[in-house]
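J.: Below is the file coords-v1.txt, with compact mmCIF, C-alpha atoms and all ligand atoms.
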# COMPACT_ATOMS: atom_id res chain seq x y z
CA MET L 1 143.28 75.72 65.56
CA ALA L 2 144.35 77.64 68.66
CA LYS L 3 142.18 80.55 67.52
CA ARG L 4 139.16 78.28 67.20
CA ARG L 5 139.71 76.84 70.68
CA GLU L 6 139.96 80.38 72.03
CA LYS L 7 136.64 81.28 70.36
CA VAL L 8 134.92 78.22 71.86
CA LYS L 9 136.31 79.14 75.29
CA ILE L 10 134.94 82.68 74.99
CA ARG L 11 131.56 81.37 73.85
CA ILE L 12 131.38 78.95 76.82
CA ARG L 13 132.39 81.74 79.20
CA ASN L 14 129.68 83.99 77.76
CA TYR L 15 127.11 81.23 78.21
CA TRP L 16 128.13 80.92 81.87
CA ILE L 17 127.92 84.69 82.40
CA PHE L 18 124.50 84.73 80.73
CA ALA L 19 123.29 81.80 82.86
CA LEU L 20 124.60 83.49 86.04
CA VAL L 21 122.88 86.79 85.20
CA LEU L 22 119.67 84.89 84.38
CA VAL L 23 119.77 83.07 87.72
CA ILE L 24 120.40 86.36 89.59
CA VAL L 25 117.49 88.05 87.77
CA LEU L 26 115.15 85.10 88.40
CA VAL L 27 116.08 84.95 92.10
CA GLY L 28 115.52 88.74 92.32
CA VAL L 29 112.10 88.49 90.66
CA PHE L 30 111.18 85.55 92.89
CA ILE L 31 112.12 87.44 96.06
CA CYS L 32 110.32 90.61 94.90
CA TYR L 33 107.07 88.90 93.91
CA ASP L 34 107.28 86.11 96.47
CA PRO L 35 104.61 83.92 94.79
CA PHE L 36 104.62 81.35 97.61
CA ASN L 37 104.89 83.91 100.45
CA TRP L 38 108.24 82.42 101.47
CA PHE L 39 109.73 85.81 102.27
CA THR L 40 106.63 87.57 103.68
CA PRO L 41 106.77 87.69 107.48
CA LYS L 42 103.99 85.69 109.08
CA ALA L 43 101.38 87.26 111.37
CA THR L 44 102.96 86.56 114.73
CA ALA L 45 101.94 89.62 116.74
CA ASP L 46 98.77 89.61 118.81
CA ILE L 47 95.94 92.08 118.27
CA SER L 48 92.23 92.23 119.05
CA ILE L 49 89.65 94.28 117.19
CA HIS L 50 86.34 94.92 118.94
CA PHE L 51 83.18 96.06 117.14
CA LEU L 52 81.01 97.61 119.82
CA GLU L 53 77.29 97.58 120.35
CA LEU L 54 76.20 101.11 121.10
CA GLY L 55 73.04 100.62 123.11
CA ASN L 56 70.27 101.69 120.74
CA LYS L 57 68.54 100.70 117.51
CA ASN L 58 70.50 103.07 115.31
CA ALA L 59 73.47 102.47 113.04
CA GLY L 60 76.79 103.71 114.35
CA ASP L 61 80.46 102.78 114.34
CA CYS L 62 82.73 102.32 117.31
CA ILE L 63 85.70 100.02 116.98
CA TYR L 64 88.26 99.46 119.69
CA ILE L 65 91.63 97.96 118.81
CA LYS L 66 94.00 96.59 121.44
CA CYS L 67 97.56 96.02 120.36
CA ARG L 68 100.05 95.57 123.22
CA GLU L 69 100.10 98.83 125.17
CA ASN L 70 98.25 100.69 122.43
CA ASP L 71 94.55 101.45 122.83
CA ILE L 72 93.03 102.64 119.57
CA LEU L 73 89.48 103.95 119.25
CA VAL L 74 88.02 104.29 115.77
CA ASP L 75 84.86 106.41 115.80
CA ALA L 76 82.50 106.93 118.69
CA GLY L 77 78.93 106.64 117.44
CA SER L 78 76.08 106.48 117.54
CA LYS L 79 74.60 108.95 120.08
CA ARG L 80 76.09 111.32 122.62
CA THR L 81 74.89 108.96 125.36
CA SER L 82 76.78 106.03 123.79
CA ALA L 83 79.86 107.39 125.61
CA SER L 84 78.71 105.55 128.77
CA THR L 85 78.22 102.29 126.83
CA ILE L 86 81.64 102.62 125.22
CA ALA L 87 83.42 103.50 128.47
CA ASN L 88 81.74 100.61 130.23
CA TYR L 89 83.23 98.27 127.65
CA LEU L 90 86.67 99.89 127.57
CA LYS L 91 87.18 99.68 131.33
CA ASN L 92 88.13 96.02 130.95
CA TYR L 93 90.89 96.89 128.50
CA VAL L 94 92.16 100.45 128.87
CA THR L 95 94.17 100.24 132.07
CA ASP L 96 96.03 103.55 131.90
CA ASN L 97 93.04 105.75 131.04
CA LYS L 98 94.81 106.77 127.86
CA LEU L 99 93.81 106.21 124.24
CA GLU L 100 97.09 106.18 122.36
CA TYR L 101 95.27 106.67 119.06
CA VAL L 102 91.85 108.10 118.23
CA ILE L 103 90.59 108.01 114.65
CA ALA L 104 87.42 109.88 113.70
CA THR L 105 86.59 108.74 110.16
CA HIS L 106 84.12 111.44 109.14
CA ALA L 107 81.80 114.10 110.47
CA ASP L 108 78.49 112.20 110.50
CA GLN L 109 76.85 112.08 113.92
CA ASP L 110 76.76 108.29 114.08
CA HIS L 111 80.58 108.28 114.04
CA ILE L 112 81.51 111.20 116.30
CA SER L 113 78.65 111.84 118.77
CA ALA L 114 80.10 110.04 121.79
CA PHE L 115 83.46 111.82 121.47
CA ALA L 116 81.72 115.00 122.57
CA GLY L 117 79.13 113.59 124.96
CA SER L 118 76.43 115.90 126.31
CA SER L 119 75.68 118.11 129.28
CA SER L 120 74.58 115.03 131.21
CA VAL L 121 76.95 112.38 129.82
CA GLN L 122 80.72 112.88 129.75
CA GLY L 123 82.16 112.34 126.28
CA ILE L 124 85.06 110.08 125.35
CA PHE L 125 87.44 113.06 125.21
CA ASP L 126 86.33 114.03 128.74
CA ARG L 127 86.97 110.56 130.09
CA TYR L 128 90.31 109.62 128.51
CA ASP L 129 93.66 111.20 127.81
CA THR L 130 94.64 110.92 124.17
CA ASP L 131 98.03 110.87 122.43
CA ILE L 132 97.33 111.03 118.71
CA ILE L 133 94.07 112.09 117.05
CA ILE L 134 93.65 111.43 113.33
CA ASP L 135 90.57 112.71 111.52
CA PHE L 136 88.95 113.75 108.26
CA PRO L 137 90.52 116.58 106.22
CA LYS L 138 87.20 117.62 104.62
CA THR L 139 83.55 117.96 105.54
CA ASN L 140 80.44 119.66 104.16
CA LYS L 141 78.84 119.73 107.59
CA ASN L 142 78.40 122.44 110.13
CA THR L 143 76.31 120.70 112.76
CA GLN L 144 76.28 121.32 116.49
CA ILE L 145 77.68 117.85 117.13
CA LEU L 146 80.59 118.57 114.78
CA GLN L 147 81.31 121.90 116.52
CA ASP L 148 81.23 120.07 119.86
CA TYR L 149 83.59 117.41 118.50
CA TYR L 150 86.03 120.11 117.33
CA ALA L 151 85.87 121.89 120.67
CA LYS L 152 86.58 118.74 122.69
CA ARG L 153 89.27 117.59 120.25
CA ASP L 154 91.03 120.94 120.39
CA ALA L 155 90.88 120.88 124.19
CA GLU L 156 92.76 117.56 124.02
CA VAL L 157 95.38 119.21 121.82
CA GLN L 158 95.70 122.00 124.42
CA LYS L 159 96.41 119.27 126.98
CA GLY L 160 99.19 117.81 124.80
CA ALA L 161 97.56 115.48 122.28
CA LYS L 162 98.77 115.61 118.69
CA HIS L 163 96.13 116.14 116.01
CA TYR L 164 96.68 115.29 112.35
CA SER L 165 94.42 115.03 109.34
CA ALA L 166 94.52 111.78 107.36
CA LEU L 167 96.03 113.76 104.47
CA GLU L 168 98.87 115.02 106.67
CA CYS L 169 99.44 111.42 107.70
CA TYR L 170 99.46 110.16 104.13
CA ASN L 171 101.90 112.92 103.14
CA ASN L 172 104.11 112.45 106.23
CA GLU L 173 103.66 116.17 106.94
CA ASN L 174 103.92 118.27 110.12
CA GLY L 175 105.04 115.37 112.29
CA ALA L 176 102.31 113.04 111.06
CA GLN L 177 103.14 109.59 109.73
CA ARG L 178 101.59 107.47 107.02
CA VAL L 179 102.65 104.29 108.82
CA TRP L 180 102.44 104.00 112.60
CA SER L 181 104.15 101.07 114.28
CA ILE L 182 101.72 99.85 116.95
CA SER L 183 103.56 96.66 117.88
CA ASP L 184 106.53 94.58 116.72
CA GLY L 185 105.47 93.66 113.22
CA ILE L 186 102.11 95.48 113.22
CA GLN L 187 101.58 98.75 111.39
CA LEU L 188 98.60 101.04 111.14
CA GLU L 189 98.83 102.52 107.65
CA ILE L 190 96.74 105.48 106.51
CA LEU L 191 95.60 104.89 102.92
CA TYR L 192 95.14 107.52 100.23
CA ASN L 193 91.52 108.54 99.74
CA TYR L 194 91.00 110.85 96.74
CA TYR L 195 88.35 112.71 98.74
CA TYR L 196 90.85 113.79 101.40
CA GLU L 197 91.52 116.68 99.02
CA ASN L 198 88.60 116.73 96.58
CA TYR L 199 84.95 117.69 96.97
CA SER L 200 82.24 115.08 97.31
CA ALA L 201 78.53 115.83 97.71
CA ASP L 202 78.42 112.70 99.87
CA GLU L 203 79.95 113.18 103.32
CA ASN L 204 80.69 109.46 103.53
CA ASN L 205 83.36 109.73 100.84
CA TYR L 206 85.49 111.89 103.15
CA SER L 207 86.07 108.88 105.42
CA VAL L 208 89.55 108.22 106.76
CA CYS L 209 90.65 104.88 105.32
CA PHE L 210 93.35 102.75 106.89
CA ILE L 211 94.70 99.24 106.95
CA ILE L 212 96.39 97.30 109.71
CA ASN L 213 99.24 95.17 108.43
CA ASN L 214 100.19 92.21 110.58
CA GLY L 215 102.80 90.25 108.60
CA ASP L 216 100.87 88.40 105.93
CA GLN L 217 97.48 89.42 107.41
CA HIS L 218 95.63 92.67 106.68
CA TYR L 219 92.56 94.29 108.24
CA LEU L 220 90.78 97.06 106.29
CA PHE L 221 88.65 99.95 107.57
CA THR L 222 86.97 102.40 105.20
CA GLY L 223 84.40 104.15 107.40
CA ASP L 224 81.33 104.89 105.31
CA LEU L 225 83.19 105.20 101.98
CA GLU L 226 80.82 105.02 98.99
CA GLU L 227 81.31 103.49 95.52
CA SER L 228 83.26 106.34 93.89
CA GLY L 229 85.51 106.49 96.96
CA GLU L 230 86.03 102.72 96.87
CA THR L 231 86.86 102.86 93.15
CA LYS L 232 89.49 105.54 93.74
CA LEU L 233 90.79 103.72 96.83
CA VAL L 234 91.51 100.69 94.65
CA GLU L 235 93.12 102.87 91.96
CA ASN L 236 95.36 104.77 94.37
CA ASN L 237 96.49 102.06 96.79
CA ASN L 238 98.08 98.68 96.30
CA LEU L 239 95.52 96.84 98.43
CA PRO L 240 96.28 93.27 99.49
CA ARG L 241 93.94 90.41 100.19
CA CYS L 242 92.38 91.15 103.60
CA GLU L 243 91.50 88.79 106.40
CA LEU L 244 89.07 91.35 107.83
CA PHE L 245 86.91 94.06 106.26
CA LYS L 246 84.69 96.29 108.35
CA ALA L 247 81.61 96.39 106.16
CA GLY L 248 81.46 99.81 104.49
CA HIS L 249 78.69 102.15 105.68
CA HIS L 250 76.95 99.66 108.02
CA GLY L 251 76.32 97.21 105.17
CA SER L 252 74.54 99.76 102.97
CA LYS L 253 73.65 98.96 99.36
CA THR L 254 75.94 101.76 98.17
CA SER L 255 79.16 100.56 99.84
CA SER L 256 81.24 97.33 99.91
CA ASN L 257 81.11 97.24 96.13
CA THR L 258 82.62 94.54 93.94
CA VAL L 259 85.31 96.94 92.71
CA LEU L 260 86.78 96.82 96.23
CA LEU L 261 85.75 93.33 97.32
CA ASP L 262 87.31 91.77 94.21
CA VAL L 263 90.70 93.12 95.26
CA ILE L 264 90.60 92.54 99.01
CA ARG L 265 88.63 89.25 98.92
CA PRO L 266 87.85 89.38 102.64
CA LYS L 267 87.68 86.28 104.83
CA TYR L 268 85.69 88.00 107.60
CA SER L 269 83.36 91.00 107.55
CA VAL L 270 81.72 92.71 110.51
CA VAL L 271 78.73 95.05 110.20
CA CYS L 272 78.14 97.74 112.84
CA CYS L 273 74.39 98.25 112.66
CA CYS L 274 71.02 97.34 114.09
CA ALA L 275 69.74 94.77 111.60
CA GLY L 276 66.31 95.62 110.25
CA SER L 277 66.09 99.10 111.77
CA ASP L 278 63.91 101.51 109.77
CA GLU L 279 66.13 104.46 110.77
CA TYR L 280 66.91 105.39 107.15
CA THR L 281 64.35 103.54 105.03
CA SER L 282 61.10 101.64 105.31
CA THR L 283 62.11 99.38 102.40
CA PRO L 284 63.09 96.14 104.16
CA SER L 285 65.72 94.98 101.65
CA ASN L 286 67.56 98.31 101.96
CA GLN L 287 67.68 98.28 105.73
CA PHE L 288 71.12 97.46 107.12
CA PRO L 289 72.62 94.98 106.41
CA THR L 290 71.13 95.32 102.94
CA GLN L 291 70.32 92.49 100.57
CA ALA L 292 72.75 94.09 98.07
CA TYR L 293 75.65 93.98 100.57
CA ILE L 294 74.80 90.37 101.43
CA ASP L 295 74.65 89.35 97.76
CA ARG L 296 78.07 90.93 97.10
CA ILE L 297 79.94 89.80 100.23
CA SER L 298 78.60 86.23 99.92
CA LYS L 299 80.90 85.67 96.93
CA TYR L 300 83.93 86.02 99.22
CA THR L 301 82.93 84.81 102.66
CA SER L 302 80.10 83.57 104.85
CA ASN L 303 81.94 84.76 107.95
CA VAL L 304 79.74 87.83 108.36
CA TYR L 305 78.80 89.14 111.81
CA VAL L 306 76.41 91.87 112.94
CA THR L 307 76.34 93.66 116.29
CA THR L 308 72.64 94.42 116.94
CA VAL L 309 69.15 93.51 115.68
CA VAL L 310 65.68 95.07 116.00
CA ASP L 311 63.32 93.48 118.50
CA GLY L 312 59.82 94.85 118.01
CA ASN L 313 60.09 98.57 118.66
CA SER L 314 63.32 98.09 120.53
CA TYR L 315 66.62 96.32 119.88
CA THR L 316 68.64 93.40 121.18
CA SER L 317 72.05 91.85 120.57
CA MET L 318 72.57 89.93 117.37
CA ASN L 319 76.19 88.80 117.84
CA GLY L 320 76.64 91.59 120.40
CA ASN L 321 80.14 93.04 120.78
CA VAL L 322 82.11 91.22 118.08
CA VAL L 323 85.77 90.51 118.88
CA PHE L 324 88.17 89.56 116.09
CA LYS L 325 91.25 88.24 117.81
CA VAL L 326 94.59 87.22 116.35
CA ASP L 327 96.80 85.07 118.55
CA LYS L 328 100.09 83.89 117.01
CA GLY L 329 98.50 84.19 113.58
CA ASN L 330 95.36 82.26 114.51
CA ILE L 331 92.09 84.14 114.04
CA THR L 332 89.08 83.68 116.28
CA VAL L 333 85.82 85.63 116.20
CA THR L 334 83.61 85.77 119.27
CA GLY L 335 80.32 87.56 119.83
CA SER L 336 79.39 88.56 123.38
CA ASN L 337 75.85 87.27 122.72
CA ASN L 338 76.62 84.44 120.29
CA THR L 339 78.93 83.76 117.35
CA THR L 340 76.29 82.69 114.86
CA PRO L 341 77.19 83.87 111.33
CA LEU L 342 74.58 86.17 109.78
CA LYS L 343 73.40 83.48 107.34
CA ASP L 344 72.32 81.19 110.20
CA THR L 345 70.44 83.80 112.26
CA GLN L 346 66.69 83.85 112.60
CA TRP L 347 66.56 87.46 111.43
CA PHE L 348 68.37 86.53 108.20
CA LYS L 349 66.07 83.59 107.50
CA GLU L 350 62.99 85.76 107.97
CA ASN L 351 64.19 88.91 106.23
CA ARG L 352 66.75 88.10 103.55
CA THR L 353 67.06 85.92 100.46
CA CYS L 354 69.94 83.51 100.91
CA PRO L 355 72.50 83.92 98.11
CA GLN L 356 73.55 80.77 96.28
CA GLU L 357 77.05 80.88 97.73
CA TRP L 358 75.71 80.77 101.27
CA LYS L 359 73.29 77.94 100.48
CA SER L 360 76.24 75.72 99.68
CA ALA L 361 78.49 77.11 102.46
CA ALA L 362 79.08 74.82 105.38
CA CA Q 1 96.43 103.09 126.81
Would it be possible to restate this file's structure as structure tokens?

T.:
Amino acid sequence: MAKRREKVKIRIRNYWIFALVLVIVLVGVFICYDPFNWFTPKATADISIHFLELGNKNAGDCIYIKCRENDILVDAGSKRTSASTIANYLKNYVTDNKLEYVIATHADQDHISAFAGSSSVQGIFDRYDTDIIIDFPKTNKNTQILQDYYAKRDAEVQKGAKHYSALECYNNENGAQRVWSISDGIQLEILYNYYYENYSADENNYSVCFIINNGDQHYLFTGDLEESGETKLVENNNLPRCELFKAGHHGSKTSSNTVLLDVIRPKYSVVCCCAGSDEYTSTPSNQFPTQAYIDRISKYTSNVYVTTVVDGNSYTSMNGNVVFKVDKGNITVTGSNNTTPLKDTQWFKENRTCPQEWKSAA
């Protein structure tokens, strides 16, 4: 009898141990996967991301990011003379004449021209001190503008700036970091792009890719990355849902593909281009922002903004300089000209077919 009672006691004790272990495991899994975002820090730090108009009817990227005392410039397109336009904008924000971070995504002229400037227009590197310069590990180019970019960049390094390739950053090599803390709770994280260390016939695939993590919010920048680069970006990085996605390659038909959009499911997308410019093609639907980009992005958001638009043989502001601002977790988007989403603009109504998703969007 006593033996039987002892057995029952042991069995009950084992049940309790099993239940305790089960609870510990379940709590661990719950914390790790955090299905209700209870343990993910909220976006509380302030940041503003500015997509600049560059003063011509050509495509080109220049994005200025203000995060506390950090001034970050991502690319300096589209022409050498755009340096004046960029500096004119930055004077309201960069108070110490220093760019703490400069990122040059790839060697195409519409991303690096204003860094170098010209004989008549001082370049960005001439005008500002720089702390950290991050750029593309590979290029197939050997243009004059690229040589000028290298020369001005290296002169900055002579003056004390630190220069790292995106691959050095990703590998945490030679003093570079994969994750840079740019404010309490905000990190600039360099992502792994397969083409940092592999050949591509398409220069765009060499683009430096990075994400800004602000608690539970994420903002993604992929330069001009093309479809094979986007596919490998998804394979090699654990990308989260993103509040903001800078449209890949100025809204081209070959970038911002579903393979990427399906993972990041952006809530806002900004296109740096001159809508309807025939710079690269006379086929209207393939002019930036292309019908293909619009059809794909429309499945995720109607919050799409564009800097510039053609106006006869010239250009004018569409939204103008587009500012994506986060204040205590609240997002606002403001265009210096207007804040009309692409789908409601006159240019869109006259030049694009409205996707079904945008017909039913408020
Ligand atoms: Ca500064």

J.: Could the residues that lie within 9 Å of ligand CA 1 (chain Q), counting all atoms listed in the file, be listed as a short mmCIF file (atom, residue, chain, number, x, y, z; two decimals) with C-alpha atoms, in the frame of the given file?

T.:
data_model
loop_
_atom_site.label_atom_id
_atom_site.label_comp_id
_atom_site.auth_asym_id
_atom_site.auth_seq_id
_atom_site.Cartn_x
_atom_site.Cartn_y
_atom_site.Cartn_z
CA LYS L 66 94.00 96.59 121.44
CA GLU L 69 100.10 98.83 125.17
CA ASN L 70 98.25 100.69 122.43
CA ASP L 71 94.55 101.45 122.83
CA ILE L 72 93.03 102.64 119.57
CA TYR L 93 90.89 96.89 128.50
CA VAL L 94 92.16 100.45 128.87
CA THR L 95 94.17 100.24 132.07
CA ASP L 96 96.03 103.55 131.90
CA ASN L 97 93.04 105.75 131.04
CA LYS L 98 94.81 106.77 127.86
CA LEU L 99 93.81 106.21 124.24
CA GLU L 100 97.09 106.18 122.36
CA TYR L 101 95.27 106.67 119.06
CA ASP L 129 93.66 111.20 127.81
CA THR L 130 94.64 110.92 124.17
#

J.: Using all atoms listed in the file, find the one residue out of L:Asn58, L:Thr283, L:Asn238, L:Gln122 that sits nearest to Ile86 of chain L.

T.: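 Going through L:Asn58, L:Thr283, L:Asn238, L:Gln122 one by one, the smallest distance to Ile86 of chain L is for L:Gln122.
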
J.: List the neighbours of Thr231 of chain L out to 7 Å using only C-alpha atoms; skip same-chain residues closer than 3 positions along the sequence, and give me the result as a list of chain:residue names.

T.: L:Glu227, L:Ser228, L:Val234, L:Glu235, L:Val259, L:Leu260

J.: Quick one: pull the distance between atom CA of Ala116 of chain L and atom CA of Tyr149 of chain L, Å, one decimal.

T.: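 Computed distance, atom CA of Ala116 of chain L to atom CA of Tyr149 of chain L, equals 5.1 Å.
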
J.: Excluding same-chain residues fewer than 5 positions from Ser82 of chain L, what lies within 10 Å of it counting all atoms listed in the file, as a ChimeraX atom specification?

T.: /L:53-56,60,62,76-77,87-88,110,113-115,117,121-124

J.: As a ChimeraX atom specification, please: the residues near segment 288-299 of chain L (cut-off 7 Å, all atoms listed in the file, same-chain neighbours under 3 positions excluded).

T.: /L:250-253,256,258,273-276,285,302,352,355,357-358

J.: To one decimal place in Å, what is the distance between atom CA of Asn172 of chain L and atom CA of Ser48 of chain L?

T.: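 These atoms are spaced 26.7 Å apart.
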
J.: Go ahead and find all residues with at least one atom no further than 12 Å from (94.3, 82.8, 114.3) in the file's coordinates, using all atoms listed in the file; report them as a short mmCIF file (atom, residue, chain, number, x, y, z; two decimals) with C-alpha atoms, in the coordinates of the input.

T.:
data_model
loop_
_atom_site.label_atom_id
_atom_site.label_comp_id
_atom_site.auth_asym_id
_atom_site.auth_seq_id
_atom_site.Cartn_x
_atom_site.Cartn_y
_atom_site.Cartn_z
CA LYS L 42 103.99 85.69 109.08
CA ALA L 43 101.38 87.26 111.37
CA THR L 44 102.96 86.56 114.73
CA ALA L 45 101.94 89.62 116.74
CA ASP L 46 98.77 89.61 118.81
CA ILE L 47 95.94 92.08 118.27
CA SER L 48 92.23 92.23 119.05
CA ASN L 214 100.19 92.21 110.58
CA GLN L 217 97.48 89.42 107.41
CA GLU L 243 91.50 88.79 106.40
CA LEU L 244 89.07 91.35 107.83
CA PHE L 324 88.17 89.56 116.09
CA LYS L 325 91.25 88.24 117.81
CA VAL L 326 94.59 87.22 116.35
CA ASP L 327 96.80 85.07 118.55
CA LYS L 328 100.09 83.89 117.01
CA GLY L 329 98.50 84.19 113.58
CA ASN L 330 95.36 82.26 114.51
CA ILE L 331 92.09 84.14 114.04
CA THR L 332 89.08 83.68 116.28
CA VAL L 333 85.82 85.63 116.20
#

J.: Find, counting all atoms listed in the file, the residue in L:Pro341, L:Gly223, L:Gly160, L:Gly335 that gets nearest to Ile63 of chain L.

T.: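 For Ile63 of chain L, the nearest of the candidates is L:Gly223.
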
J.: Just checking: using all atoms listed in the file, which residue out of L:Phe221, L:Lys232, L:Tyr194, L:Arg178 ends up closest to Asp75 of chain L?

T.: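 With all atoms listed in the file as the atom set, the closest residue is L:Phe221.
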
J.: Since the input is missing atoms for segment 47-72 of chain L, could you rebuild it with N, CA and C atoms and give the result as a PDB file, in the frame of the given file?

T.:
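Generated file (out17.pdb):
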ATOM      1  N   ILE L  47      96.768  90.867 118.387  1.00  0.00           N
ATOM      2  CA  ILE L  47      95.940  92.080 118.270  1.00  0.00           C
ATOM      3  C   ILE L  47      94.484  91.642 118.447  1.00  0.00           C
ATOM      4  N   SER L  48      93.669  92.513 119.030  1.00  0.00           N
ATOM      5  CA  SER L  48      92.230  92.230 119.050  1.00  0.00           C
ATOM      6  C   SER L  48      91.482  93.466 118.575  1.00  0.00           C
ATOM      7  N   ILE L  49      90.439  93.209 117.798  1.00  0.00           N
ATOM      8  CA  ILE L  49      89.650  94.280 117.190  1.00  0.00           C
ATOM      9  C   ILE L  49      88.203  94.071 117.620  1.00  0.00           C
ATOM     10  N   HIS L  50      87.652  95.070 118.308  1.00  0.00           N
ATOM     11  CA  HIS L  50      86.340  94.920 118.940  1.00  0.00           C
ATOM     12  C   HIS L  50      85.335  95.856 118.269  1.00  0.00           C
ATOM     13  N   PHE L  51      84.253  95.280 117.766  1.00  0.00           N
ATOM     14  CA  PHE L  51      83.180  96.060 117.140  1.00  0.00           C
ATOM     15  C   PHE L  51      82.084  96.193 118.184  1.00  0.00           C
ATOM     16  N   LEU L  52      81.851  97.421 118.644  1.00  0.00           N
ATOM     17  CA  LEU L  52      81.010  97.610 119.820  1.00  0.00           C
ATOM     18  C   LEU L  52      79.539  97.829 119.489  1.00  0.00           C
ATOM     19  N   GLU L  53      78.709  97.225 120.324  1.00  0.00           N
ATOM     20  CA  GLU L  53      77.290  97.580 120.350  1.00  0.00           C
ATOM     21  C   GLU L  53      77.164  98.927 121.026  1.00  0.00           C
ATOM     22  N   LEU L  54      76.225  99.739 120.578  1.00  0.00           N
ATOM     23  CA  LEU L  54      76.200 101.110 121.100  1.00  0.00           C
ATOM     24  C   LEU L  54      74.948 101.425 121.911  1.00  0.00           C
ATOM     25  N   GLY L  55      74.126 100.422 122.155  1.00  0.00           N
ATOM     26  CA  GLY L  55      73.040 100.620 123.110  1.00  0.00           C
ATOM     27  C   GLY L  55      71.831 101.347 122.566  1.00  0.00           C
ATOM     28  N   ASN L  56      71.509 101.138 121.295  1.00  0.00           N
ATOM     29  CA  ASN L  56      70.270 101.690 120.740  1.00  0.00           C
ATOM     30  C   ASN L  56      70.005 101.004 119.396  1.00  0.00           C
ATOM     31  N   LYS L  57      68.886 101.371 118.760  1.00  0.00           N
ATOM     32  CA  LYS L  57      68.540 100.700 117.510  1.00  0.00           C
ATOM     33  C   LYS L  57      68.957 101.483 116.269  1.00  0.00           C
ATOM     34  N   ASN L  58      70.004 102.275 116.437  1.00  0.00           N
ATOM     35  CA  ASN L  58      70.500 103.070 115.310  1.00  0.00           C
ATOM     36  C   ASN L  58      71.847 102.527 114.827  1.00  0.00           C
ATOM     37  N   ALA L  59      72.156 102.832 113.565  1.00  0.00           N
ATOM     38  CA  ALA L  59      73.470 102.470 113.040  1.00  0.00           C
ATOM     39  C   ALA L  59      74.511 103.395 113.664  1.00  0.00           C
ATOM     40  N   GLY L  60      75.711 102.895 113.815  1.00  0.00           N
ATOM     41  CA  GLY L  60      76.790 103.710 114.350  1.00  0.00           C
ATOM     42  C   GLY L  60      78.042 102.879 114.468  1.00  0.00           C
ATOM     43  N   ASP L  61      79.186 103.503 114.257  1.00  0.00           N
ATOM     44  CA  ASP L  61      80.460 102.780 114.340  1.00  0.00           C
ATOM     45  C   ASP L  61      81.188 103.130 115.625  1.00  0.00           C
ATOM     46  N   CYS L  62      81.742 102.126 116.265  1.00  0.00           N
ATOM     47  CA  CYS L  62      82.730 102.320 117.310  1.00  0.00           C
ATOM     48  C   CYS L  62      83.560 101.045 117.359  1.00  0.00           C
ATOM     49  N   ILE L  63      84.824 101.187 117.050  1.00  0.00           N
ATOM     50  CA  ILE L  63      85.700 100.020 116.980  1.00  0.00           C
ATOM     51  C   ILE L  63      86.900 100.280 117.887  1.00  0.00           C
ATOM     52  N   TYR L  64      87.142  99.349 118.762  1.00  0.00           N
ATOM     53  CA  TYR L  64      88.260  99.460 119.690  1.00  0.00           C
ATOM     54  C   TYR L  64      89.304  98.419 119.307  1.00  0.00           C
ATOM     55  N   ILE L  65      90.547  98.867 119.204  1.00  0.00           N
ATOM     56  CA  ILE L  65      91.630  97.960 118.810  1.00  0.00           C
ATOM     57  C   ILE L  65      92.675  97.947 119.917  1.00  0.00           C
ATOM     58  N   LYS L  66      92.984  96.752 120.393  1.00  0.00           N
ATOM     59  CA  LYS L  66      94.000  96.590 121.440  1.00  0.00           C
ATOM     60  C   LYS L  66      95.211  95.916 120.827  1.00  0.00           C
ATOM     61  N   CYS L  67      96.332  96.575 120.922  1.00  0.00           N
ATOM     62  CA  CYS L  67      97.560  96.020 120.360  1.00  0.00           C
ATOM     63  C   CYS L  67      98.685  96.349 121.328  1.00  0.00           C
ATOM     64  N   ARG L  68      99.085  95.378 122.127  1.00  0.00           N
ATOM     65  CA  ARG L  68     100.050  95.570 123.220  1.00  0.00           C
ATOM     66  C   ARG L  68      99.605  96.752 124.081  1.00  0.00           C
ATOM     67  N   GLU L  69     100.466  97.736 124.268  1.00  0.00           N
ATOM     68  CA  GLU L  69     100.100  98.830 125.170  1.00  0.00           C
ATOM     69  C   GLU L  69      99.253  99.897 124.458  1.00  0.00           C
ATOM     70  N   ASN L  70      99.000  99.688 123.187  1.00  0.00           N
ATOM     71  CA  ASN L  70      98.250 100.690 122.430  1.00  0.00           C
ATOM     72  C   ASN L  70      96.751 100.446 122.457  1.00  0.00           C
ATOM     73  N   ASP L  71      96.016 101.463 122.886  1.00  0.00           N
ATOM     74  CA  ASP L  71      94.550 101.450 122.830  1.00  0.00           C
ATOM     75  C   ASP L  71      94.130 102.394 121.719  1.00  0.00           C
ATOM     76  N   ILE L  72      93.411 101.857 120.750  1.00  0.00           N
ATOM     77  CA  ILE L  72      93.030 102.640 119.570  1.00  0.00           C
ATOM     78  C   ILE L  72      91.507 102.665 119.481  1.00  0.00           C
TER      79      ILE L  72
END
